[in-house]
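Q: File start_31.cif follows (mmCIF, C-alpha atoms):
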```cif
data_coords
loop_
_atom_site.label_atom_id
_atom_site.label_comp_id
_atom_site.auth_asym_id
_atom_site.auth_seq_id
_atom_site.Cartn_x
_atom_site.Cartn_y
_atom_site.Cartn_z
CA GLY G 17 14.00 2.23 1.54
CA LYS G 18 15.08 -0.61 3.78
CA ASP G 19 17.51 -3.23 2.56
CA GLY G 20 15.80 -5.29 -0.14
CA GLY G 21 13.29 -2.56 -0.98
CA ARG G 22 9.64 -2.17 -0.12
CA ILE G 23 6.26 -2.42 -1.85
CA VAL G 24 3.44 -0.04 -0.92
CA CYS G 25 -0.05 -0.46 -2.40
CA THR G 26 -2.70 2.27 -2.41
CA VAL G 27 -6.25 2.20 -3.76
CA ALA G 28 -8.15 5.42 -4.49
CA CYS G 29 -11.81 5.53 -5.54
CA SER G 30 -13.30 8.25 -7.68
CA PRO G 31 -16.55 9.70 -6.27
CA SER G 32 -18.16 8.86 -9.63
CA ALA G 33 -17.60 5.16 -8.90
CA TYR G 34 -19.79 5.37 -5.78
CA PRO G 35 -22.01 8.43 -6.23
CA HIS G 36 -24.48 7.20 -3.60
CA LEU G 37 -21.87 7.16 -0.81
CA SER G 38 -20.79 9.97 1.49
CA SER G 39 -17.15 11.04 1.59
CA SER G 40 -16.58 9.22 4.88
CA ALA G 41 -18.06 5.99 3.48
CA LEU G 42 -15.88 6.38 0.38
CA ASP G 43 -12.83 6.72 2.62
CA ASP G 44 -13.79 3.49 4.37
CA ILE G 45 -14.02 1.60 1.06
CA GLN G 46 -10.64 2.96 -0.03
CA ALA G 47 -9.08 1.90 3.27
CA ASP G 48 -10.56 -1.61 3.02
CA LEU G 49 -9.41 -2.12 -0.56
CA THR G 50 -5.96 -0.71 0.20
CA SER G 51 -5.52 -2.98 3.21
CA LEU G 52 -6.61 -6.07 1.31
CA LEU G 53 -4.38 -5.40 -1.69
CA HIS G 54 -1.34 -4.28 0.32
CA GLN G 55 -1.39 -7.23 2.71
CA THR G 56 -1.45 -9.66 -0.21
CA ILE G 57 0.95 -8.02 -2.69
CA SER G 58 3.59 -6.89 -0.16
CA HIS G 59 3.92 -10.32 1.47
CA SER G 60 7.53 -11.49 1.79
CA SER G 61 6.89 -14.60 -0.33
CA LEU G 62 6.21 -12.34 -3.34
CA HIS G 63 8.99 -9.82 -2.73
CA PRO G 64 11.21 -9.27 -5.82
CA SER G 65 14.92 -9.78 -5.20
CA ASN G 66 16.08 -7.03 -7.56
CA LEU G 67 14.86 -3.94 -5.68
CA THR G 68 18.26 -3.52 -4.01
CA ILE G 69 20.51 -0.81 -5.51
CA LEU G 70 23.43 -0.78 -3.06
CA LYS G 71 23.27 -3.52 -0.47
CA SER G 72 22.52 -2.23 3.03
CA LYS G 73 22.54 1.34 1.68
CA LYS G 74 19.96 2.05 -1.00
CA SER G 75 17.00 0.26 -2.53
CA TRP G 76 13.90 0.99 -4.55
CA LEU G 77 10.50 1.80 -3.07
CA LEU G 78 7.83 0.33 -5.35
CA ASN G 79 4.52 2.21 -5.18
CA LEU G 80 1.48 0.51 -6.70
CA ASP G 81 -1.33 3.06 -7.05
CA VAL G 82 -4.73 1.82 -8.24
CA LEU G 83 -7.56 4.18 -9.20
CA VAL G 84 -11.15 2.90 -9.33
CA LEU G 85 -13.13 4.99 -11.81
CA SER G 86 -16.23 2.78 -11.95
CA ASP G 87 -17.63 -0.19 -10.07
CA ALA G 88 -20.18 -2.32 -11.89
CA GLY G 89 -19.50 -5.29 -9.62
CA ASN G 90 -16.70 -7.78 -8.92
CA ILE G 91 -14.27 -4.98 -8.11
CA LEU G 92 -11.87 -7.21 -6.15
CA ASP G 93 -11.08 -9.54 -9.05
CA ALA G 94 -10.57 -6.55 -11.35
CA LEU G 95 -8.31 -4.92 -8.74
CA PHE G 96 -5.95 -7.90 -8.62
CA MET G 97 -5.95 -8.35 -12.39
CA ALA G 98 -5.01 -4.70 -12.91
CA SER G 99 -2.32 -4.95 -10.23
CA ARG G 100 -0.81 -8.06 -11.77
CA ALA G 101 -0.75 -6.43 -15.21
CA ALA G 102 0.93 -3.29 -13.82
CA LEU G 103 3.55 -5.25 -11.85
CA TRP G 104 4.22 -7.56 -14.81
CA ASP G 105 5.16 -4.56 -16.94
CA THR G 106 7.11 -2.72 -14.22
CA ARG G 107 10.79 -2.19 -15.00
CA VAL G 108 13.54 -1.74 -12.40
CA PRO G 109 16.02 0.85 -13.75
CA ARG G 110 19.48 -0.53 -14.44
CA THR G 111 22.04 1.03 -12.13
CA ARG G 112 25.80 1.26 -11.98
CA GLY G 113 27.74 1.79 -8.76
CA VAL G 114 29.76 4.98 -8.40
CA GLU G 115 32.69 5.53 -6.05
CA TYR G 116 34.42 8.90 -5.73
CA LYS G 117 38.17 8.82 -5.32
CA ALA G 118 39.84 12.14 -4.62
CA PRO G 119 43.36 12.30 -6.15
CA THR G 120 45.99 12.58 -3.42
CA ARG G 121 49.66 13.43 -3.38
CA LYS G 122 51.78 12.53 -0.40
CA ASP G 123 54.43 15.07 0.38
CA THR G 124 56.84 12.94 2.40
CA GLY G 125 59.91 15.23 2.28
CA LYS G 126 62.12 12.34 1.13
CA ASP G 127 64.93 12.55 -1.40
CA LYS G 128 64.52 13.53 -5.03
CA GLU G 129 64.13 9.94 -6.16
CA ASP G 130 61.10 9.48 -3.90
CA MET G 131 59.68 12.79 -5.08
CA ASN G 132 59.99 11.71 -8.70
CA VAL G 133 58.06 8.53 -7.93
CA ASP G 134 55.33 10.57 -6.19
CA GLU G 135 55.11 12.95 -9.13
CA ASP G 136 54.74 10.09 -11.59
CA GLU G 137 51.97 8.58 -9.51
CA HIS G 138 50.26 11.95 -9.22
CA GLU G 139 50.39 12.48 -12.98
CA ASN G 140 48.82 9.07 -13.53
CA ALA G 141 46.11 9.85 -11.00
CA GLN G 142 45.29 13.12 -12.76
CA LYS G 143 44.73 11.24 -16.01
CA GLN G 144 41.97 9.21 -14.34
CA SER G 145 38.52 10.47 -13.52
CA GLY G 146 37.65 10.95 -9.88
CA PHE G 147 34.47 8.97 -10.50
CA ASP G 148 34.85 5.23 -10.95
CA THR G 149 31.65 3.78 -12.46
CA ARG G 150 32.63 0.14 -12.44
CA VAL G 151 30.75 -2.34 -10.26
CA LEU G 152 32.53 -1.73 -6.97
CA PRO G 153 32.01 -3.40 -3.59
CA LYS G 154 32.44 -0.03 -1.87
CA ALA G 155 30.20 2.03 -4.14
CA THR G 156 28.62 4.97 -2.31
CA ASP G 157 26.17 6.12 -4.97
CA PHE G 158 24.72 5.03 -8.30
CA GLU G 159 23.91 6.30 -11.77
CA LEU G 160 21.41 5.23 -14.42
CA PRO G 161 22.98 4.04 -17.68
CA ASP G 162 21.07 4.59 -20.90
CA TYR G 163 19.68 1.35 -22.32
CA TRP G 164 16.94 0.58 -24.81
CA ASP G 165 14.72 -1.61 -22.59
CA GLU G 166 14.48 0.94 -19.74
CA GLY G 167 15.47 -1.64 -17.14
CA GLU G 168 14.80 -5.22 -16.11
CA VAL G 169 11.49 -6.78 -15.14
CA LEU G 170 10.69 -7.51 -11.51
CA ASP G 171 12.20 -10.77 -10.35
CA GLY G 172 9.61 -13.53 -9.94
CA ARG G 173 6.86 -11.65 -11.76
CA GLU G 174 5.14 -14.96 -12.58
CA ARG G 175 4.22 -15.19 -8.89
CA TRP G 176 2.01 -12.10 -8.73
CA PRO G 177 -1.41 -13.43 -7.69
CA VAL G 178 -4.83 -13.38 -9.29
CA ALA G 179 -8.02 -13.32 -7.24
CA ILE G 180 -11.37 -15.05 -7.57
CA THR G 181 -14.49 -13.97 -5.71
CA LEU G 182 -17.05 -16.71 -5.10
CA ASN G 183 -20.53 -15.29 -4.47
CA ILE G 184 -22.17 -17.90 -2.29
CA GLU G 185 -25.81 -18.88 -2.42
CA SER G 186 -25.67 -22.17 -0.55
CA PRO G 187 -25.39 -24.83 -1.78
CA THR G 188 -24.14 -23.19 -4.98
CA HIS G 189 -22.01 -20.20 -5.97
CA PHE G 190 -21.41 -17.96 -8.97
CA LEU G 191 -18.68 -15.68 -10.36
CA ASP G 192 -18.35 -12.15 -11.75
CA ALA G 193 -21.38 -10.71 -9.98
CA THR G 194 -22.90 -7.39 -11.01
CA ALA G 195 -23.59 -4.73 -8.39
CA GLN G 196 -27.21 -5.87 -8.14
CA GLU G 197 -26.21 -9.52 -7.78
CA GLU G 198 -23.69 -8.62 -5.08
CA ALA G 199 -26.42 -6.85 -3.12
CA ALA G 200 -28.66 -9.92 -3.39
CA SER G 201 -25.86 -12.31 -2.38
CA PRO G 202 -23.93 -10.64 0.45
CA LEU G 203 -21.76 -13.65 1.43
CA LYS G 204 -18.52 -13.78 -0.59
CA LEU G 205 -15.29 -15.74 -0.42
CA LEU G 206 -12.22 -14.02 -1.87
CA LEU G 207 -9.32 -16.30 -2.82
CA ALA G 208 -5.95 -15.06 -4.12
CA PHE G 209 -3.73 -17.67 -5.76
CA SER G 210 -0.18 -17.56 -7.04
CA PHE G 211 1.13 -19.91 -9.75
CA HIS G 212 4.79 -20.36 -10.69
CA ASP G 213 6.72 -22.67 -13.04
CA GLY G 214 4.36 -25.61 -12.92
CA GLN G 215 4.54 -25.79 -9.13
CA PRO G 216 1.43 -26.36 -6.99
CA ALA G 217 -0.75 -23.31 -6.53
CA VAL G 218 -0.07 -21.16 -3.47
CA LEU G 219 -3.00 -19.63 -1.60
CA GLN G 220 -1.69 -16.11 -0.96
CA GLY G 221 -4.82 -14.76 0.69
CA MET G 222 -8.34 -15.70 1.71
CA ARG G 223 -11.08 -13.56 3.13
CA MET G 224 -14.77 -14.15 3.76
CA LEU G 225 -16.90 -11.04 3.32
CA GLY G 226 -20.46 -10.44 4.47
CA PRO G 227 -22.77 -12.13 6.97
CA GLY G 228 -23.04 -15.88 7.20
CA GLU G 229 -20.77 -18.83 7.82
CA LEU G 230 -19.36 -21.88 6.06
CA THR G 231 -18.68 -25.35 7.37
CA PRO G 232 -15.04 -26.52 7.17
CA SER G 233 -15.91 -29.15 4.56
CA HIS G 234 -17.77 -26.62 2.40
CA LEU G 235 -14.91 -24.13 2.73
CA LYS G 236 -12.37 -26.76 1.67
CA GLU G 237 -14.46 -27.59 -1.37
CA LEU G 238 -14.78 -23.91 -2.34
CA VAL G 239 -11.01 -23.38 -2.05
CA LYS G 240 -10.39 -26.30 -4.40
CA VAL G 241 -12.95 -25.06 -6.92
CA GLY G 242 -11.62 -21.51 -6.62
CA GLU G 243 -8.11 -22.73 -7.46
CA ASN G 244 -9.39 -24.15 -10.76
CA TYR G 245 -11.12 -20.88 -11.60
CA ALA G 246 -8.02 -18.89 -10.68
CA ARG G 247 -5.77 -21.09 -12.81
CA GLU G 248 -7.97 -20.52 -15.87
CA LEU G 249 -7.88 -16.78 -15.24
CA PHE G 250 -4.11 -16.89 -14.72
CA VAL G 251 -3.50 -18.70 -18.04
CA ALA G 252 -5.73 -16.32 -20.00
CA LEU G 253 -4.24 -13.20 -18.43
CA ASN G 254 -0.67 -14.43 -18.92
CA ALA G 255 -1.27 -15.05 -22.61
CA LYS G 256 -2.48 -11.48 -23.03
CA LEU G 257 0.42 -10.04 -21.02
CA LYS G 258 3.03 -11.97 -23.02
CA ASP G 259 1.52 -10.77 -26.31
CA GLU G 260 1.74 -7.20 -25.03
CA ASP G 261 5.35 -7.85 -23.95
CA VAL G 262 6.37 -8.76 -27.49
CA ARG G 263 4.63 -5.75 -28.99
CA ARG G 264 5.98 -3.29 -26.41
CA THR G 265 9.54 -4.63 -26.60
CA GLN G 266 9.65 -4.27 -30.37
CA LYS G 267 8.22 -0.75 -30.16
CA ALA G 268 10.72 0.31 -27.46
CA ARG G 269 13.66 -1.06 -29.46
CA GLU G 270 12.58 0.84 -32.57
CA ARG G 271 12.11 4.06 -30.58
CA PHE G 272 15.55 3.74 -29.02
CA GLU G 273 17.22 3.13 -32.38
CA LEU G 274 15.42 6.14 -33.85
CA HIS G 275 16.73 8.52 -31.17
CA ARG G 276 20.30 7.26 -30.95
#
```
Please rewrite the model in this file as structure tokens.
A:
Amino acid sequence: GKDGGRIVCTVACSPSAYPHLSSSALDDIQADLTSLLHQTISHSSLHPSNLTILKSKKSWLLNLDVLVLSDAGNILDALFMASRAALWDTRVPRTRGVEYKAPTRKDTGKDKEDMNVDEDEHENAQKQSGFDTRVLPKATDFELPDYWDEGEVLDGRERWPVAITLNIESPTHFLDATAQEEAASPLKLLLAFSFHDGQPAVLQGMRMLGPGELTPSHLKELVKVGENYARELFVALNAKLKDEDVRRTQKARERFELHR
């Protein structure tokens, strides 16, 4: 991948999730969901800093693949929650730079004293491996050391956004609509917020879906309300993810110790 790595998001929908749609219509839904998720998640403001393996040479390509098996409504919020959970748990493999040094012996044709020095140096070189696995500024390749935690978490994982869909029935709105409620209320406002270390919320994405329009004052009010909803969702989801972190870390440590 390019220097710094890349993130590519893809959403696939099972035909069982939308049995009433033709294959072409299903492709359209997949394309819309993929575009929405990729444009938000792959934004430079969310890019992890630890996807680089060898600077200007090699980096990780992070693929986020989401599969929709069923859609009972509010698919967008579920899509972002699942993505955040997957990225929270993603581990970047630990790497160690490798540089190959071929042993050399200079045959200069000088006197015996010089030859003895060359021979001593050559003998010392033969005692060393041709592969130097220390962290080297001129490393040309890398290897994966064995470690119990299977790598480090993505840098800045607290910033991965959550999304809230406001189903608008002016002058009010409601959340978590079923498929039937979505059909009866076609105007929606999708808001994706990022929260990090007690800092003010960052609006990572906003999209209005369906027919209709909103006045600027009404839109501003909905964004403010949506931020409060998103913060509550963020806190609840983070608590669950951190509990899973503790359980998974303990289990991984025990498994590693068992197979040592």
Q: In terms of the shortest atom-to-atom distance over all atoms listed in the file, which of G:Ile23, G:Ala217, G:Leu206, G:Ala28 is closest to G:Leu77?
A: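 Of all the options, G:Ile23 lies closest to G:Leu77.
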Q: Determine, counting only C-alpha atoms, every residue of protein, DNA or RNA that lies within 7 Å of (-7.6, 2.1, -2.6) in the file coordinates, then give the result as a VMD selection string.
A: chain G and resid 26 to 29 46 to 47 49 to 50 82 to 83
Q: Rank G:Glu270, G:Ala193, G:Val108, G:Val239 by their smallest atom-to-atom distance to G:Glu166, using all atoms listed in the file, and report the top residue only.
A: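 Using all atoms listed in the file, the shortest distance to G:Glu166 belongs to G:Val108.
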Q: My list of candidates is G:Leu52, G:Ala98, G:Leu225, G:Ala33. Which is closest to G:Ser86 when distances are computed with all atoms listed in the file?
A: G:Ala33
Q: Let me know the residues the PyMOL selection byres ((chain G and resi 219) around 7) catches in the file above, as an MDAnalysis selection string.
A: chainID G and resid 208:210 217:218 220:221
Q: Write the residues of the selection above to a file with C-alpha atoms, as a PDB file, in the frame of the given file.
A:
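The new file part39.pdb reads:
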```
ATOM      1  CA  ALA G 208      -5.950 -15.060  -4.120  1.00  0.00           C
ATOM      2  CA  PHE G 209      -3.730 -17.670  -5.760  1.00  0.00           C
ATOM      3  CA  SER G 210      -0.180 -17.560  -7.040  1.00  0.00           C
ATOM      4  CA  ALA G 217      -0.750 -23.310  -6.530  1.00  0.00           C
ATOM      5  CA  VAL G 218      -0.070 -21.160  -3.470  1.00  0.00           C
ATOM      6  CA  GLN G 220      -1.690 -16.110  -0.960  1.00  0.00           C
ATOM      7  CA  GLY G 221      -4.820 -14.760   0.690  1.00  0.00           C
TER       8      GLY G 221
END
```
Q: What does the distance from atom CA of G:Asp87 to atom CA of G:Tyr245 come to in Å, to one decimal?
A: 21.7 Å
